[in-house]
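Source file entry_6.cif; content: mmCIF, C-alpha atoms.
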data_work
loop_
_atom_site.group_PDB
_atom_site.id
_atom_site.type_symbol
_atom_site.label_atom_id
_atom_site.label_comp_id
_atom_site.auth_asym_id
_atom_site.auth_seq_id
_atom_site.Cartn_x
_atom_site.Cartn_y
_atom_site.Cartn_z
ATOM 1 C CA CYS Y 22 -40.564 -35.802 -4.187
ATOM 2 C CA ARG Y 23 -40.549 -32.230 -2.998
ATOM 3 C CA HIS Y 24 -38.766 -33.275 0.207
ATOM 4 C CA SER Y 25 -36.184 -35.210 -1.829
ATOM 5 C CA LEU Y 26 -35.598 -32.175 -4.072
ATOM 6 C CA VAL Y 27 -35.046 -29.913 -1.059
ATOM 7 C CA VAL Y 28 -32.596 -32.393 0.467
ATOM 8 C CA ASN Y 29 -30.657 -32.684 -2.804
ATOM 9 C CA ASN Y 30 -30.450 -28.906 -3.155
ATOM 10 C CA TRP Y 31 -29.150 -28.543 0.395
ATOM 11 C CA ARG Y 32 -26.630 -31.301 -0.207
ATOM 12 C CA ARG Y 33 -25.288 -29.590 -3.344
ATOM 13 C CA LEU Y 34 -25.107 -26.260 -1.538
ATOM 14 C CA LEU Y 35 -23.199 -27.788 1.371
ATOM 15 C CA GLN Y 36 -20.853 -29.638 -0.963
ATOM 16 C CA ALA Y 37 -20.113 -26.414 -2.829
ATOM 17 C CA ALA Y 38 -19.381 -24.744 0.516
ATOM 18 C CA VAL Y 39 -16.875 -27.453 1.430
ATOM 19 C CA VAL Y 40 -15.102 -27.110 -1.933
ATOM 20 C CA LEU Y 41 -14.827 -23.341 -1.457
ATOM 21 C CA LEU Y 42 -13.503 -23.818 2.070
ATOM 22 C CA LEU Y 43 -10.805 -26.135 0.729
ATOM 23 C CA LEU Y 44 -9.853 -23.648 -1.991
ATOM 24 C CA GLN Y 45 -9.433 -20.753 0.437
ATOM 25 C CA SER Y 46 -7.208 -22.926 2.623
ATOM 26 C CA VAL Y 47 -4.957 -23.576 -0.368
ATOM 27 C CA ALA Y 48 -4.874 -19.842 -1.182
ATOM 28 C CA SER Y 49 -3.079 -19.157 2.096
ATOM 29 C CA LEU Y 50 -0.168 -21.316 0.953
ATOM 30 C CA PHE Y 51 0.671 -19.171 -2.092
ATOM 31 C CA ALA Y 52 3.806 -17.069 -1.721
ATOM 32 C CA SER Y 53 2.355 -14.164 -3.730
ATOM 33 C CA PRO Y 54 -1.348 -14.746 -4.370
ATOM 34 C CA PRO Y 55 -3.225 -12.374 -6.670
ATOM 35 C CA GLN Y 56 -5.642 -9.882 -5.172
ATOM 36 C CA VAL Y 57 -8.750 -12.082 -5.196
ATOM 37 C CA LEU Y 58 -7.024 -15.063 -3.590
ATOM 38 C CA GLU Y 59 -5.325 -12.880 -0.987
ATOM 39 C CA LEU Y 60 -8.676 -11.418 0.061
ATOM 40 C CA VAL Y 61 -10.021 -14.852 1.005
ATOM 41 C CA THR Y 62 -7.116 -15.569 3.379
ATOM 42 C CA HIS Y 63 -8.360 -13.141 6.034
ATOM 43 C CA PHE Y 64 -11.371 -15.005 7.422
ATOM 44 C CA LYS Y 65 -9.866 -17.989 9.214
ATOM 45 C CA LEU Y 66 -12.083 -17.763 12.273
ATOM 46 C CA GLN Y 67 -15.187 -17.500 10.115
ATOM 47 C CA TYR Y 68 -14.061 -20.506 8.054
ATOM 48 C CA VAL Y 69 -13.659 -22.579 11.207
ATOM 49 C CA LEU Y 70 -17.148 -21.691 12.398
ATOM 50 C CA LEU Y 71 -18.642 -22.295 8.946
ATOM 51 C CA SER Y 72 -16.824 -25.620 8.560
ATOM 52 C CA VAL Y 73 -18.143 -26.876 11.879
ATOM 53 C CA ALA Y 74 -21.687 -25.817 10.965
ATOM 54 C CA VAL Y 75 -21.460 -27.507 7.553
ATOM 55 C CA GLY Y 76 -20.007 -30.647 9.139
ATOM 56 C CA ILE Y 77 -22.915 -30.841 11.568
ATOM 57 C CA ALA Y 78 -25.375 -30.346 8.690
ATOM 58 C CA PHE Y 79 -23.774 -33.200 6.713
ATOM 59 C CA SER Y 80 -24.006 -35.390 9.794
ATOM 60 C CA GLY Y 81 -27.723 -34.661 9.934
ATOM 61 C CA LEU Y 82 -27.986 -35.801 6.308
ATOM 62 C CA ARG Y 83 -25.864 -38.893 7.150
ATOM 63 C CA LEU Y 84 -23.275 -37.885 4.573
ATOM 64 C CA TRP Y 85 -20.381 -38.966 6.748
ATOM 65 C CA ARG Y 86 -17.553 -38.552 4.246
ATOM 66 C CA TRP Y 87 -18.566 -34.998 3.470
ATOM 67 C CA SER Y 88 -18.943 -34.335 7.171
ATOM 68 C CA PHE Y 89 -15.384 -35.562 7.695
ATOM 69 C CA VAL Y 90 -14.093 -33.238 4.930
ATOM 70 C CA ALA Y 91 -15.874 -30.261 6.506
ATOM 71 C CA ILE Y 92 -14.425 -30.993 9.945
ATOM 72 C CA LEU Y 93 -11.012 -31.448 8.331
ATOM 73 C CA CYS Y 94 -11.394 -27.907 6.895
ATOM 74 C CA ALA Y 95 -12.101 -26.681 10.413
ATOM 75 C CA PHE Y 96 -8.897 -28.277 11.707
ATOM 76 C CA VAL Y 97 -6.816 -26.913 8.813
ATOM 77 C CA ASN Y 98 -8.011 -23.365 9.457
ATOM 78 C CA SER Y 99 -7.628 -23.792 13.210
ATOM 79 C CA ALA Y 100 -3.932 -24.410 12.577
ATOM 80 C CA PHE Y 101 -3.693 -20.765 11.463
ATOM 81 C CA LEU Y 102 -5.468 -19.523 14.609
ATOM 82 C CA LEU Y 103 -3.980 -21.507 17.480
ATOM 83 C CA PRO Y 104 -0.384 -20.170 17.230
ATOM 84 C CA TRP Y 105 -1.677 -16.722 18.231
ATOM 85 C CA TYR Y 106 -2.612 -18.135 21.622
ATOM 86 C CA VAL Y 107 0.819 -19.656 22.283
ATOM 87 C CA PRO Y 108 3.264 -17.251 24.008
ATOM 88 C CA VAL Y 109 6.271 -16.540 21.779
ATOM 89 C CA GLY Y 110 9.217 -14.189 22.231
ATOM 90 C CA SER Y 111 8.376 -10.782 23.652
ATOM 91 C CA ALA Y 112 4.751 -11.732 24.099
ATOM 92 C CA GLN Y 113 5.877 -13.884 27.022
ATOM 93 C CA ALA Y 114 7.509 -10.914 28.704
ATOM 94 C CA ALA Y 115 7.034 -8.708 30.611
ATOM 95 C CA THR Y 116 7.141 -8.047 34.267
ATOM 96 C CA GLN Y 117 9.105 -4.817 34.120
ATOM 97 C CA THR Y 118 7.603 -1.874 35.948
ATOM 98 C CA ASN Y 119 8.717 0.574 33.260
ATOM 99 C CA THR Y 120 5.859 0.466 30.776
ATOM 100 C CA LEU Y 121 4.544 2.683 28.026
ATOM 101 C CA ARG Y 122 0.902 2.729 26.965
ATOM 102 C CA VAL Y 123 0.291 3.268 23.255
ATOM 103 C CA MET Y 124 -3.196 3.567 21.802
ATOM 104 C CA HIS Y 125 -4.195 3.407 18.164
ATOM 105 C CA ALA Y 126 -7.585 4.297 16.721
ATOM 106 C CA ASN Y 127 -8.904 4.463 13.191
ATOM 107 C CA VAL Y 128 -11.753 6.832 14.024
ATOM 108 C CA ASN Y 129 -13.416 6.700 10.562
ATOM 109 C CA ARG Y 130 -13.668 10.170 9.056
ATOM 110 C CA LEU Y 131 -17.449 9.767 8.669
ATOM 111 C CA ASN Y 132 -17.801 9.147 12.400
ATOM 112 C CA GLU Y 133 -18.826 12.187 14.457
ATOM 113 C CA GLU Y 134 -18.747 10.572 17.907
ATOM 114 C CA PHE Y 135 -15.974 12.950 18.970
ATOM 115 C CA ASP Y 136 -16.880 13.038 22.663
ATOM 116 C CA ARG Y 137 -17.114 9.265 22.763
ATOM 117 C CA PHE Y 138 -13.582 8.910 21.445
ATOM 118 C CA LEU Y 139 -12.146 11.622 23.668
ATOM 119 C CA ALA Y 140 -13.809 9.999 26.696
ATOM 120 C CA MET Y 141 -12.010 6.776 25.885
ATOM 121 C CA VAL Y 142 -8.682 8.613 25.670
ATOM 122 C CA GLU Y 143 -9.443 10.070 29.096
ATOM 123 C CA THR Y 144 -10.175 6.586 30.457
ATOM 124 C CA GLU Y 145 -7.198 4.774 28.895
ATOM 125 C CA GLN Y 146 -4.714 7.647 29.370
ATOM 126 C CA PRO Y 147 -2.154 6.508 26.776
ATOM 127 C CA GLU Y 148 1.228 8.212 26.776
ATOM 128 C CA ILE Y 149 1.328 7.861 22.989
ATOM 129 C CA LEU Y 150 -1.814 8.196 20.860
ATOM 130 C CA VAL Y 151 -2.045 7.500 17.118
ATOM 131 C CA VAL Y 152 -5.246 8.505 15.320
ATOM 132 C CA GLN Y 153 -6.033 7.587 11.702
ATOM 133 C CA GLU Y 154 -8.577 8.786 9.133
ATOM 134 C CA VAL Y 155 -8.170 12.305 10.483
ATOM 135 C CA ASP Y 156 -9.820 14.902 8.253
ATOM 136 C CA GLU Y 157 -10.072 18.645 9.012
ATOM 137 C CA LYS Y 158 -13.178 18.092 11.122
ATOM 138 C CA TRP Y 159 -11.470 15.481 13.298
ATOM 139 C CA ALA Y 160 -8.275 17.549 13.462
ATOM 140 C CA ASN Y 161 -10.229 20.473 14.929
ATOM 141 C CA GLU Y 162 -11.836 18.237 17.553
ATOM 142 C CA LEU Y 163 -8.551 16.561 18.454
ATOM 143 C CA HIS Y 164 -7.051 19.918 19.386
ATOM 144 C CA ARG Y 165 -8.969 19.473 22.636
ATOM 145 C CA LEU Y 166 -6.202 16.994 23.556
ATOM 146 C CA LYS Y 167 -3.483 19.652 23.635
ATOM 147 C CA GLU Y 168 -3.754 20.006 27.430
ATOM 148 C CA ARG Y 169 -3.012 16.302 27.848
ATOM 149 C CA TYR Y 170 -0.306 16.006 25.185
ATOM 150 C CA ALA Y 171 2.554 18.454 24.948
ATOM 151 C CA TYR Y 172 3.681 17.178 21.553
ATOM 152 C CA MET Y 173 1.624 16.523 18.454
ATOM 153 C CA LEU Y 174 1.874 16.134 14.712
ATOM 154 C CA ALA Y 175 -1.241 16.160 12.548
ATOM 155 C CA TYR Y 176 -1.645 15.648 8.819
ATOM 156 C CA PRO Y 177 -5.371 15.987 8.005
ATOM 157 C CA GLN Y 178 -6.570 14.452 4.759
ATOM 158 C CA ASP Y 179 -9.894 13.276 3.389
ATOM 159 C CA ASP Y 180 -8.932 9.590 3.239
ATOM 160 C CA TYR Y 181 -5.644 8.805 4.961
ATOM 161 C CA GLY Y 182 -5.050 11.678 7.354
ATOM 162 C CA LEU Y 183 -3.374 10.842 10.643
ATOM 163 C CA ALA Y 184 -2.174 12.418 13.860
ATOM 164 C CA LEU Y 185 0.317 11.618 16.606
ATOM 165 C CA PHE Y 186 -0.010 12.840 20.203
ATOM 166 C CA SER Y 187 2.732 12.282 22.739
ATOM 167 C CA GLN Y 188 3.454 13.004 26.372
ATOM 168 C CA ARG Y 189 7.075 12.139 25.643
ATOM 169 C CA ARG Y 190 9.229 14.751 23.966
ATOM 170 C CA LEU Y 191 9.456 14.012 20.260
ATOM 171 C CA GLU Y 192 13.061 14.186 19.119
ATOM 172 C CA ASN Y 193 11.975 13.888 15.538
ATOM 173 C CA ALA Y 194 8.565 13.535 13.944
ATOM 174 C CA GLU Y 195 7.804 13.822 10.269
ATOM 175 C CA VAL Y 196 5.202 12.825 7.736
ATOM 176 C CA VAL Y 197 6.717 10.463 5.174
ATOM 177 C CA PHE Y 198 5.452 8.909 1.962
ATOM 178 C CA TRP Y 199 6.784 5.384 1.561
ATOM 179 C CA GLY Y 200 6.038 3.185 -1.411
ATOM 180 C CA GLU Y 201 3.470 3.943 -4.082
ATOM 181 C CA GLY Y 202 0.291 5.975 -3.892
ATOM 182 C CA GLY Y 203 1.312 9.041 -1.894
ATOM 183 C CA VAL Y 204 -0.300 7.747 1.318
ATOM 184 C CA PRO Y 205 1.179 9.428 4.422
ATOM 185 C CA SER Y 206 2.829 7.703 7.358
ATOM 186 C CA ILE Y 207 4.486 9.142 10.460
ATOM 187 C CA ASP Y 208 8.078 8.375 11.423
ATOM 188 C CA ALA Y 209 9.040 9.679 14.858
ATOM 189 C CA THR Y 210 11.508 9.156 17.696
ATOM 190 C CA PHE Y 211 11.083 9.907 21.383
ATOM 191 C CA TYR Y 212 12.882 9.280 24.663
ATOM 192 C CA GLU Y 213 11.470 6.932 27.277
ATOM 193 C CA GLY Y 214 13.855 7.525 30.159
ATOM 194 C CA GLU Y 215 17.290 7.270 28.583
ATOM 195 C CA GLN Y 216 16.116 5.016 25.759
ATOM 196 C CA LEU Y 217 15.427 6.508 22.352
ATOM 197 C CA ILE Y 218 12.550 4.692 20.650
ATOM 198 C CA ARG Y 219 11.298 4.864 17.096
ATOM 199 C CA LEU Y 220 7.582 4.993 16.348
ATOM 200 C CA VAL Y 221 6.114 4.350 12.900
ATOM 201 C CA ALA Y 222 2.408 4.892 12.212
ATOM 202 C CA MET Y 223 1.069 3.514 8.917
ATOM 203 C CA HIS Y 224 -2.257 3.206 7.132
ATOM 204 C CA PRO Y 225 -1.858 1.424 3.778
ATOM 205 C CA PRO Y 226 -5.047 1.401 1.686
ATOM 206 C CA PRO Y 227 -7.479 -1.526 1.681
ATOM 207 C CA PRO Y 228 -6.706 -3.928 -1.196
ATOM 208 C CA MET Y 229 -10.120 -3.585 -2.828
ATOM 209 C CA SER Y 230 -8.768 -3.071 -6.352
ATOM 210 C CA GLU Y 231 -5.623 -4.153 -8.168
ATOM 211 C CA THR Y 232 -4.224 -0.625 -7.837
ATOM 212 C CA LEU Y 233 -4.876 -0.379 -4.094
ATOM 213 C CA PHE Y 234 -3.592 -3.933 -3.646
ATOM 214 C CA SER Y 235 -0.316 -2.921 -5.305
ATOM 215 C CA ILE Y 236 -0.064 0.285 -3.247
ATOM 216 C CA ARG Y 237 -0.607 -1.535 0.043
ATOM 217 C CA ASN Y 238 2.025 -4.159 -0.749
ATOM 218 C CA SER Y 239 4.539 -1.543 -1.921
ATOM 219 C CA GLN Y 240 4.091 0.387 1.321
ATOM 220 C CA LEU Y 241 4.673 -2.708 3.431
ATOM 221 C CA ALA Y 242 7.804 -3.474 1.407
ATOM 222 C CA ALA Y 243 9.047 0.121 1.687
ATOM 223 C CA ALA Y 244 8.408 0.135 5.443
ATOM 224 C CA THR Y 245 10.572 -2.971 5.771
ATOM 225 C CA GLN Y 246 13.462 -1.170 4.085
ATOM 226 C CA GLN Y 247 13.005 1.947 6.214
ATOM 227 C CA ILE Y 248 12.895 -0.001 9.463
ATOM 228 C CA HIS Y 249 16.311 -1.456 8.673
ATOM 229 C CA THR Y 250 17.818 2.037 8.351
ATOM 230 C CA SER Y 251 17.832 2.275 12.154
ATOM 231 C CA THR Y 252 18.931 0.088 15.050
ATOM 232 C CA LEU Y 253 16.576 1.773 17.496
ATOM 233 C CA PRO Y 254 13.877 -0.259 19.241
ATOM 234 C CA THR Y 255 10.830 0.232 17.045
ATOM 235 C CA VAL Y 256 7.084 0.330 17.536
ATOM 236 C CA LEU Y 257 5.069 0.094 14.322
ATOM 237 C CA ILE Y 258 1.348 0.638 14.704
ATOM 238 C CA GLY Y 259 -1.615 1.232 12.433
ATOM 239 C CA ASP Y 260 -4.466 -0.049 10.347
ATOM 240 C CA LEU Y 261 -2.468 -2.203 7.935
ATOM 241 C CA ASN Y 262 -5.519 -3.469 6.040
ATOM 242 C CA THR Y 263 -4.318 -7.047 6.202
ATOM 243 C CA THR Y 264 -4.561 -9.898 8.651
ATOM 244 C CA MET Y 265 -1.772 -12.078 9.976
ATOM 245 C CA TRP Y 266 -2.708 -14.867 7.540
ATOM 246 C CA SER Y 267 -1.956 -12.972 4.364
ATOM 247 C CA PRO Y 268 1.287 -14.126 2.731
ATOM 248 C CA TYR Y 269 2.109 -10.437 2.190
ATOM 249 C CA TYR Y 270 1.732 -9.725 5.904
ATOM 250 C CA ARG Y 271 3.811 -12.773 6.847
ATOM 251 C CA ARG Y 272 6.553 -11.633 4.481
ATOM 252 C CA PHE Y 273 6.449 -8.135 5.973
ATOM 253 C CA GLU Y 274 6.718 -9.349 9.562
ATOM 254 C CA SER Y 275 9.511 -11.779 8.765
ATOM 255 C CA ALA Y 276 11.556 -9.290 6.721
ATOM 256 C CA SER Y 277 11.116 -6.409 9.164
ATOM 257 C CA GLY Y 278 12.230 -8.447 12.174
ATOM 258 C CA LEU Y 279 9.324 -7.048 14.200
ATOM 259 C CA ILE Y 280 6.969 -9.178 16.294
ATOM 260 C CA ASN Y 281 3.207 -8.752 16.380
ATOM 261 C CA ALA Y 282 2.168 -7.771 19.903
ATOM 262 C CA ARG Y 283 -0.840 -10.111 19.554
ATOM 263 C CA ARG Y 284 1.330 -13.194 19.777
ATOM 264 C CA GLY Y 285 0.284 -15.170 22.806
ATOM 265 C CA ARG Y 286 -2.681 -12.850 23.381
ATOM 266 C CA GLY Y 287 -5.225 -14.155 20.879
ATOM 267 C CA LEU Y 288 -6.767 -12.796 17.701
ATOM 268 C CA LEU Y 289 -8.238 -9.530 19.030
ATOM 269 C CA PRO Y 290 -10.398 -8.742 15.964
ATOM 270 C CA SER Y 291 -10.676 -5.006 15.309
ATOM 271 C CA TRP Y 292 -12.842 -4.697 12.165
ATOM 272 C CA PRO Y 293 -15.715 -4.331 11.579
ATOM 273 C CA ALA Y 294 -16.450 -3.154 15.108
ATOM 274 C CA ILE Y 295 -20.075 -4.249 14.884
ATOM 275 C CA LEU Y 296 -18.981 -7.916 14.735
ATOM 276 C CA GLY Y 297 -16.905 -7.707 17.915
ATOM 277 C CA PRO Y 298 -15.043 -11.011 18.489
ATOM 278 C CA PHE Y 299 -16.258 -12.364 15.131
ATOM 279 C CA GLY Y 300 -14.498 -9.713 13.042
ATOM 280 C CA ILE Y 301 -10.970 -9.806 11.614
ATOM 281 C CA PRO Y 302 -7.701 -8.350 13.002
ATOM 282 C CA ILE Y 303 -6.414 -5.657 10.645
ATOM 283 C CA ASP Y 304 -5.180 -3.081 13.189
ATOM 284 C CA HIS Y 305 -1.733 -4.067 14.410
ATOM 285 C CA CYS Y 306 1.125 -3.185 16.712
ATOM 286 C CA LEU Y 307 4.514 -4.712 15.916
ATOM 287 C CA LEU Y 308 7.555 -4.413 18.157
ATOM 288 C CA SER Y 309 11.284 -4.951 18.065
ATOM 289 C CA PRO Y 310 12.247 -8.171 19.894
ATOM 290 C CA GLU Y 311 13.849 -6.225 22.759
ATOM 291 C CA LEU Y 312 10.473 -4.679 23.640
ATOM 292 C CA GLY Y 313 7.989 -6.708 25.665
ATOM 293 C CA VAL Y 314 4.210 -6.807 25.887
ATOM 294 C CA VAL Y 315 2.538 -6.358 29.240
ATOM 295 C CA ASP Y 316 -0.953 -6.249 27.759
ATOM 296 C CA ILE Y 317 -2.763 -5.715 24.479
ATOM 297 C CA ARG Y 318 -6.484 -5.422 23.969
ATOM 298 C CA THR Y 319 -9.122 -3.843 21.810
ATOM 299 C CA GLY Y 320 -10.945 -0.864 23.274
ATOM 300 C CA ASN Y 321 -14.617 0.016 23.421
ATOM 301 C CA ASP Y 322 -16.781 0.984 20.476
ATOM 302 C CA ILE Y 323 -16.109 4.646 19.589
ATOM 303 C CA GLY Y 324 -18.622 4.901 16.742
ATOM 304 C CA SER Y 325 -16.039 3.899 14.133
ATOM 305 C CA ASP Y 326 -15.999 0.764 12.014
ATOM 306 C CA HIS Y 327 -12.735 -0.081 13.823
ATOM 307 C CA LEU Y 328 -12.124 -0.888 17.466
ATOM 308 C CA PRO Y 329 -9.163 0.930 19.052
ATOM 309 C CA LEU Y 330 -6.039 -1.005 19.994
ATOM 310 C CA VAL Y 331 -4.410 -0.413 23.400
ATOM 311 C CA VAL Y 332 -0.917 -1.785 24.025
ATOM 312 C CA ASP Y 333 1.146 -1.656 27.216
ATOM 313 C CA ILE Y 334 4.788 -2.018 26.205
ATOM 314 C CA ALA Y 335 7.551 -3.117 28.574
ATOM 315 C CA LEU Y 336 10.868 -1.399 28.089
#

Representation of the structure as structure tokens:
Amino acid sequence: CRHSLVVNNWRRLLQAAVVLLLLQSVASLFASPPQVLELVTHFKLQYVLLSVAVGIAFSGLRLWRWSFVAILCAFVNSAFLLPWYVPVGSAQAATQTNTLRVMHANVNRLNEEFDRFLAMVETEQPEILVVQEVDEKWANELHRLKERYAYMLAYPQDDYGLALFSQRRLENAEVVFWGEGGVPSIDATFYEGEQLIRLVAMHPPPPMSETLFSIRNSQLAAATQQIHTSTLPTVLIGDLNTTMWSPYYRRFESASGLINARRGRGLLPSWPAILGPFGIPIDHCLLSPELGVVDIRTGNDIGSDHLPLVVDIAL
């Protein structure tokens, strides 16, 4: 009897898991899901792995119909993952020799592994470096980069501070406040050869409350409008606090006309760093269609909860 009770409890638990997996799949189809439903859209890889595990468990219990439903959930969620491995547009590029390396890092203001981060900058040698969650402490440490970068703009802040370092002469660089919430972004232009390029660095807040959810979405919408004020080739980079599977992200990418540099290169999860390839991709680089991608990858652990993002852009 005790064995039968244990089996029944496991069966109910697994059945509940399958129902929840089905519900989260449906949530991704909403055009404008509320905060709670949008949050569950971000874990497609984890849902695939969980669905396979649940399907195997049902097979062990000889519950074949439930096993089929679980495996079906795995296939449904895989449909959201596989397109990121298929080369599309600029992700198929780029054999040009004229390339620009851009590196982005959310260093986490609580992180004090300054030397570790600066060593990675020395190793990667990006021409353009964007750093987020820069408080006064990090701003002081980052001044050690002034010998490598002739141009810089820093806006330290306790939560959403950021800094831009460039080996290319900045024609214009300013801190802007798009959308709601007063969260800073950087809007800059620089010359690469004879080509003037626009760089936007953003860090919308994580959607962990209805207020922050609204602020993040308003900033993505405002960025879309601002991007269309210029015809310059554009690089938008930052911790956007959303994955590619959020309907709000998909709307942003479609409306902006930019292309995620990950396309054709895989998921490249960036948060939380401790999970490595089993995390979620919330740090992004998006490019105008006329810019190509030579390479994109996540960098080494720098003591932050985020992994850096390194992108080689073909011009």

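Here atom CA of Ile295 of chain Y and atom CA of Ile323 of chain Y stand 10.8 Å from one another.
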
#### Entry: Counting all atoms listed in the file, the residue of Y:Arg271, Y:Arg219, Y:Arg286, Y:His327 that sits nearest Thr62 of chain Y
Y:Arg271

Output of the PyMOL selection byres ((chain Y and resi 251-259) around 6), listed as a PDB file with C-alpha atoms, in the frame of the given file:
ATOM      1  CA  ILE Y 218      12.550   4.692  20.650  1.00  0.00           C
ATOM      2  CA  ARG Y 219      11.298   4.864  17.096  1.00  0.00           C
ATOM      3  CA  LEU Y 220       7.582   4.993  16.348  1.00  0.00           C
ATOM      4  CA  VAL Y 221       6.114   4.350  12.900  1.00  0.00           C
ATOM      5  CA  ALA Y 222       2.408   4.892  12.212  1.00  0.00           C
ATOM      6  CA  MET Y 223       1.069   3.514   8.917  1.00  0.00           C
ATOM      7  CA  HIS Y 224      -2.257   3.206   7.132  1.00  0.00           C
ATOM      8  CA  HIS Y 249      16.311  -1.456   8.673  1.00  0.00           C
ATOM      9  CA  THR Y 250      17.818   2.037   8.351  1.00  0.00           C
ATOM     10  CA  ASP Y 260      -4.466  -0.049  10.347  1.00  0.00           C
ATOM     11  CA  LEU Y 261      -2.468  -2.203   7.935  1.00  0.00           C
ATOM     12  CA  ASP Y 304      -5.180  -3.081  13.189  1.00  0.00           C
ATOM     13  CA  HIS Y 305      -1.733  -4.067  14.410  1.00  0.00           C
ATOM     14  CA  CYS Y 306       1.125  -3.185  16.712  1.00  0.00           C
ATOM     15  CA  LEU Y 307       4.514  -4.712  15.916  1.00  0.00           C
ATOM     16  CA  LEU Y 308       7.555  -4.413  18.157  1.00  0.00           C
ATOM     17  CA  SER Y 309      11.284  -4.951  18.065  1.00  0.00           C
TER      18      SER Y 309
END

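For the structure in this document, the set picked by the PyMOL selection byres ((chain Y and resi 98) around 8) is Ser46, Lys65, Leu66, Tyr68, Val69, Cys94, Ala95, Phe96, Val97, Ser99, Ala100, Phe101 and Leu102 of chain Y.
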
### Task
Using all atoms listed in the file, determine which residues lie at most 12 Å from Glu231 of chain Y, disregarding the query and same-chain residues fewer than 3 positions distant; provide the list as a PyMOL selection string.
chain Y and resi 55-60+226-228+234-238

Name the residues that the PyMOL selection byres ((chain Y and resi 210) around 7) picks from the file above, as a short mmCIF file (atom, residue, chain, number, x, y, z; two decimals) with C-alpha atoms, keeping the file's coordinate frame, using the file's chain letters and numbers.
data_model
loop_
_atom_site.label_atom_id
_atom_site.label_comp_id
_atom_site.auth_asym_id
_atom_site.auth_seq_id
_atom_site.Cartn_x
_atom_site.Cartn_y
_atom_site.Cartn_z
CA LEU Y 191 9.46 14.01 20.26
CA GLU Y 192 13.06 14.19 19.12
CA ASN Y 193 11.98 13.89 15.54
CA ALA Y 194 8.56 13.54 13.94
CA ALA Y 209 9.04 9.68 14.86
CA PHE Y 211 11.08 9.91 21.38
CA LEU Y 217 15.43 6.51 22.35
CA ILE Y 218 12.55 4.69 20.65
CA ARG Y 219 11.30 4.86 17.10
CA LEU Y 220 7.58 4.99 16.35
#

Please write out, as lines of an AutoDock Vina configuration file, where the centre of an axis-aligned box around all listed atoms of segment 189-202 of chain Y lies and how long its edges are, in Å to one decimal, after adding 3 Å on each side.
center_x = 6.7
center_y = 9.0
center_z = 10.8
size_x = 18.8
size_y = 17.6
size_z = 35.7

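Between atom CA of Ser275 of chain Y and atom CA of Ser239 of chain Y the interatomic distance comes to 15.6 Å.
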
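Closest approach to Leu71 of chain Y among Y:Val39, Y:Thr319, Y:Asn262, Y:Glu215 is made by Y:Val39 (distances from only C-alpha atoms).
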
### Among the residues Y:Ala244, Y:Leu121, Y:Leu139, Y:Val204, the one that comes closest to Leu312 of chain Y [using only C-alpha atoms]
Y:Leu121

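Take the candidates Y:Val197, Y:Leu233, Y:Ala184, Y:Met124 and check each one against Gln247 of chain Y using all atoms listed in the file; the shortest distance goes to Y:Val197.
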
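Atom to atom, atom CA of Val196 of chain Y and atom CA of Phe273 of chain Y stand 21.1 Å apart.
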